[in-house]
Amino acid sequence: MKYAALVCLLFAAPAMAQMPPQQGAPQQQQMPPSIGYKLTMQPIETCHKAMMTLLQRARTDAAIRAEQERTEQPEGDTVDQIVNFMKKQAPASTAMMVANGCPPDQYVKIGFATAEAAMALQMIEQKGPTNTLTPIARENAAFIKANATRLQQIDSEADAAEAAAGLQGAQQGGPQGGAQPGGAGNWTPPGGTSPAPQRR
């Protein structure tokens, strides 16, 4: 499973939220349950740096590379279930991310919170029904809008690092958590296929 796959979900979120609604789409989108995680740039930058280090190592480390090329899916979609799956299926990658300041639970929470924020921002920008939005979803939506330039830059840096490592599957929006082309309402949790994360 690719840690880098989550980047497409994290940092494509501002662009996803600006996409026009799909023709015939319902006015009310179903929001994923909030996990109450507040997005800030410091942990995002830390995890991005850790991931870039991981991708660099994947170019020469056979164990890391083998983990990044695995395609297994977790059984479950809670934060804890996905974290346990990451530890089991990618122990070397997980240890390296932790050593560089990005524990897997934080990594997954950032992904879930960003997915929720992207959907919330889309609803706000399109002046759709927002009565279902939690305060943290609104706050995170404002965050990804305010930091869109840097988040998109991080996305580009990650794309380049993946290409250099020969690990480009996450860029295709595949089952490992990449953002799908249909807008913020179509997303896959990091490492999972279920439509919405659950609370821990």
# chains A, B, ... in the order shown; residues from 1 in each chain; ligands from 1
>>> closest_atom_pairs(of="segment 49-88 of chain A", to="segment 97-106 of chain A", cutoff="12 Å", atoms="only C-alpha atoms", output="JSON lines")
{"residue": "A:Lys49", "atom": "CA", "partner": "A:Asn100", "partner_atom": "CA", "distance": 7.9}
{"residue": "A:Ala50", "atom": "CA", "partner": "A:Asn100", "partner_atom": "CA", "distance": 5.2}
{"residue": "A:Met51", "atom": "CA", "partner": "A:Met97", "partner_atom": "CA", "distance": 6.8}
{"residue": "A:Met52", "atom": "CA", "partner": "A:Met97", "partner_atom": "CA", "distance": 9.8}
{"residue": "A:Thr53", "atom": "CA", "partner": "A:Asn100", "partner_atom": "CA", "distance": 8.3}
{"residue": "A:Leu54", "atom": "CA", "partner": "A:Met97", "partner_atom": "CA", "distance": 7.1}
{"residue": "A:Leu55", "atom": "CA", "partner": "A:Met97", "partner_atom": "CA", "distance": 10.6}
{"residue": "A:Arg57", "atom": "CA", "partner": "A:Met97", "partner_atom": "CA", "distance": 11.3}
{"residue": "A:Ile64", "atom": "CA", "partner": "A:Met97", "partner_atom": "CA", "distance": 11.2}
{"residue": "A:Thr78", "atom": "CA", "partner": "A:Asp105", "partner_atom": "CA", "distance": 10.5}
{"residue": "A:Val79", "atom": "CA", "partner": "A:Asp105", "partner_atom": "CA", "distance": 6.7}
{"residue": "A:Asp80", "atom": "CA", "partner": "A:Asp105", "partner_atom": "CA", "distance": 7.3}
{"residue": "A:Gln81", "atom": "CA", "partner": "A:Asp105", "partner_atom": "CA", "distance": 10.0}
{"residue": "A:Ile82", "atom": "CA", "partner": "A:Asp105", "partner_atom": "CA", "distance": 8.5}
{"residue": "A:Val83", "atom": "CA", "partner": "A:Pro104", "partner_atom": "CA", "distance": 5.8}
{"residue": "A:Asn84", "atom": "CA", "partner": "A:Pro104", "partner_atom": "CA", "distance": 8.9}
{"residue": "A:Phe85", "atom": "CA", "partner": "A:Pro104", "partner_atom": "CA", "distance": 10.1}
{"residue": "A:Met86", "atom": "CA", "partner": "A:Pro104", "partner_atom": "CA", "distance": 7.5}
{"residue": "A:Lys87", "atom": "CA", "partner": "A:Pro104", "partner_atom": "CA", "distance": 8.1}
{"residue": "A:Lys88", "atom": "CA", "partner": "A:Pro104", "partner_atom": "CA", "distance": 11.7}
>>> write_last_selection(atoms="C-alpha atoms", output="mmCIF file, in the first residue's frame")
data_model
loop_
_atom_site.group_PDB
_atom_site.id
_atom_site.type_symbol
_atom_site.label_atom_id
_atom_site.label_comp_id
_atom_site.auth_asym_id
_atom_site.auth_seq_id
_atom_site.Cartn_x
_atom_site.Cartn_y
_atom_site.Cartn_z
ATOM 1 C CA LYS A 49 8.509 15.831 4.301
ATOM 2 C CA ALA A 50 8.367 12.326 5.799
ATOM 3 C CA MET A 51 6.636 11.008 2.715
ATOM 4 C CA MET A 52 9.169 12.642 0.388
ATOM 5 C CA THR A 53 11.938 10.957 2.382
ATOM 6 C CA LEU A 54 10.079 7.654 2.092
ATOM 7 C CA LEU A 55 9.740 8.017 -1.685
ATOM 8 C CA ARG A 57 14.265 5.700 0.017
ATOM 9 C CA ILE A 64 10.323 -0.108 1.233
ATOM 10 C CA THR A 78 -12.104 3.419 10.831
ATOM 11 C CA VAL A 79 -8.929 5.299 11.675
ATOM 12 C CA ASP A 80 -7.760 2.503 13.973
ATOM 13 C CA GLN A 81 -8.472 -0.233 11.431
ATOM 14 C CA ILE A 82 -6.555 1.535 8.690
ATOM 15 C CA VAL A 83 -3.653 2.353 11.014
ATOM 16 C CA ASN A 84 -3.427 -1.297 12.075
ATOM 17 C CA PHE A 85 -3.508 -2.329 8.427
ATOM 18 C CA MET A 86 -0.688 0.086 7.599
ATOM 19 C CA LYS A 87 1.432 -1.269 10.443
ATOM 20 C CA LYS A 88 0.822 -4.852 9.352
#
>>> atom_distance(atom1="atom CA of Glu45 of chain A", atom2="atom CA of Gly76 of chain A")
27.5 Å
>>> closest_residue(among="A:Glu139, A:Glu125, A:Glu67, A:Glu162", to="Ala92 of chain A", atoms="only C-alpha atoms")
A:Glu67
>>> atom_distance(atom1="atom CA of Gln68 of chain A", atom2="atom CA of Ala90 of chain A")
7.6 Å
>>> select_by_dssp(residues="segment 113-174 of chain A", states="alpha helix (DSSP H)", output="mmCIF file with C-alpha atoms, in the first residue's frame")
data_model
loop_
_atom_site.group_PDB
_atom_site.id
_atom_site.type_symbol
_atom_site.label_atom_id
_atom_site.label_comp_id
_atom_site.auth_asym_id
_atom_site.auth_seq_id
_atom_site.Cartn_x
_atom_site.Cartn_y
_atom_site.Cartn_z
ATOM 1 C CA ALA A 113 -10.374 15.659 7.665
ATOM 2 C CA THR A 114 -9.265 16.972 4.276
ATOM 3 C CA ALA A 115 -11.862 14.887 2.455
ATOM 4 C CA GLU A 116 -14.565 16.298 4.712
ATOM 5 C CA ALA A 117 -13.183 19.823 4.269
ATOM 6 C CA ALA A 118 -13.180 19.519 0.472
ATOM 7 C CA MET A 119 -16.813 18.466 0.460
ATOM 8 C CA ALA A 120 -17.728 21.222 2.905
ATOM 9 C CA LEU A 121 -15.952 23.863 0.817
ATOM 10 C CA GLN A 122 -17.731 22.690 -2.313
ATOM 11 C CA MET A 123 -21.089 22.980 -0.562
ATOM 12 C CA ILE A 124 -20.248 26.450 0.739
ATOM 13 C CA GLU A 125 -18.904 27.748 -2.587
ATOM 14 C CA PRO A 135 -18.003 23.789 12.989
ATOM 15 C CA ILE A 136 -14.763 21.856 12.435
ATOM 16 C CA ALA A 137 -15.782 21.082 8.840
ATOM 17 C CA ARG A 138 -16.357 24.789 8.179
ATOM 18 C CA GLU A 139 -13.050 25.680 9.803
ATOM 19 C CA ASN A 140 -11.174 23.061 7.797
ATOM 20 C CA ALA A 141 -12.895 24.189 4.595
ATOM 21 C CA ALA A 142 -11.628 27.715 5.203
ATOM 22 C CA PHE A 143 -8.186 26.280 5.912
ATOM 23 C CA ILE A 144 -7.823 24.400 2.625
ATOM 24 C CA LYS A 145 -9.108 27.419 0.708
ATOM 25 C CA ALA A 146 -6.655 29.771 2.420
ATOM 26 C CA ALA A 148 -4.668 26.140 -1.586
ATOM 27 C CA THR A 149 -1.484 27.418 -3.246
ATOM 28 C CA ARG A 150 0.853 25.583 -0.881
ATOM 29 C CA LEU A 151 -1.281 22.442 -0.809
ATOM 30 C CA GLN A 152 -1.251 22.255 -4.592
ATOM 31 C CA GLN A 153 2.505 22.845 -4.590
ATOM 32 C CA ILE A 154 2.915 19.922 -2.201
ATOM 33 C CA ASP A 155 0.780 17.821 -4.536
ATOM 34 C CA SER A 156 3.075 18.667 -7.455
ATOM 35 C CA GLU A 157 6.178 17.866 -5.410
ATOM 36 C CA ALA A 158 4.721 14.505 -4.428
ATOM 37 C CA ASP A 159 3.777 13.712 -8.030
ATOM 38 C CA ALA A 160 7.346 14.409 -9.128
ATOM 39 C CA ALA A 161 8.786 12.288 -6.316
ATOM 40 C CA GLU A 162 6.468 9.407 -7.167
ATOM 41 C CA ALA A 163 7.441 9.604 -10.824
ATOM 42 C CA ALA A 164 11.136 9.614 -9.923
ATOM 43 C CA ALA A 165 10.597 6.532 -7.749
#
>>> atom_distance(atom1="atom CA of Pro74 of chain A", atom2="atom CA of Ser93 of chain A")
16.2 Å
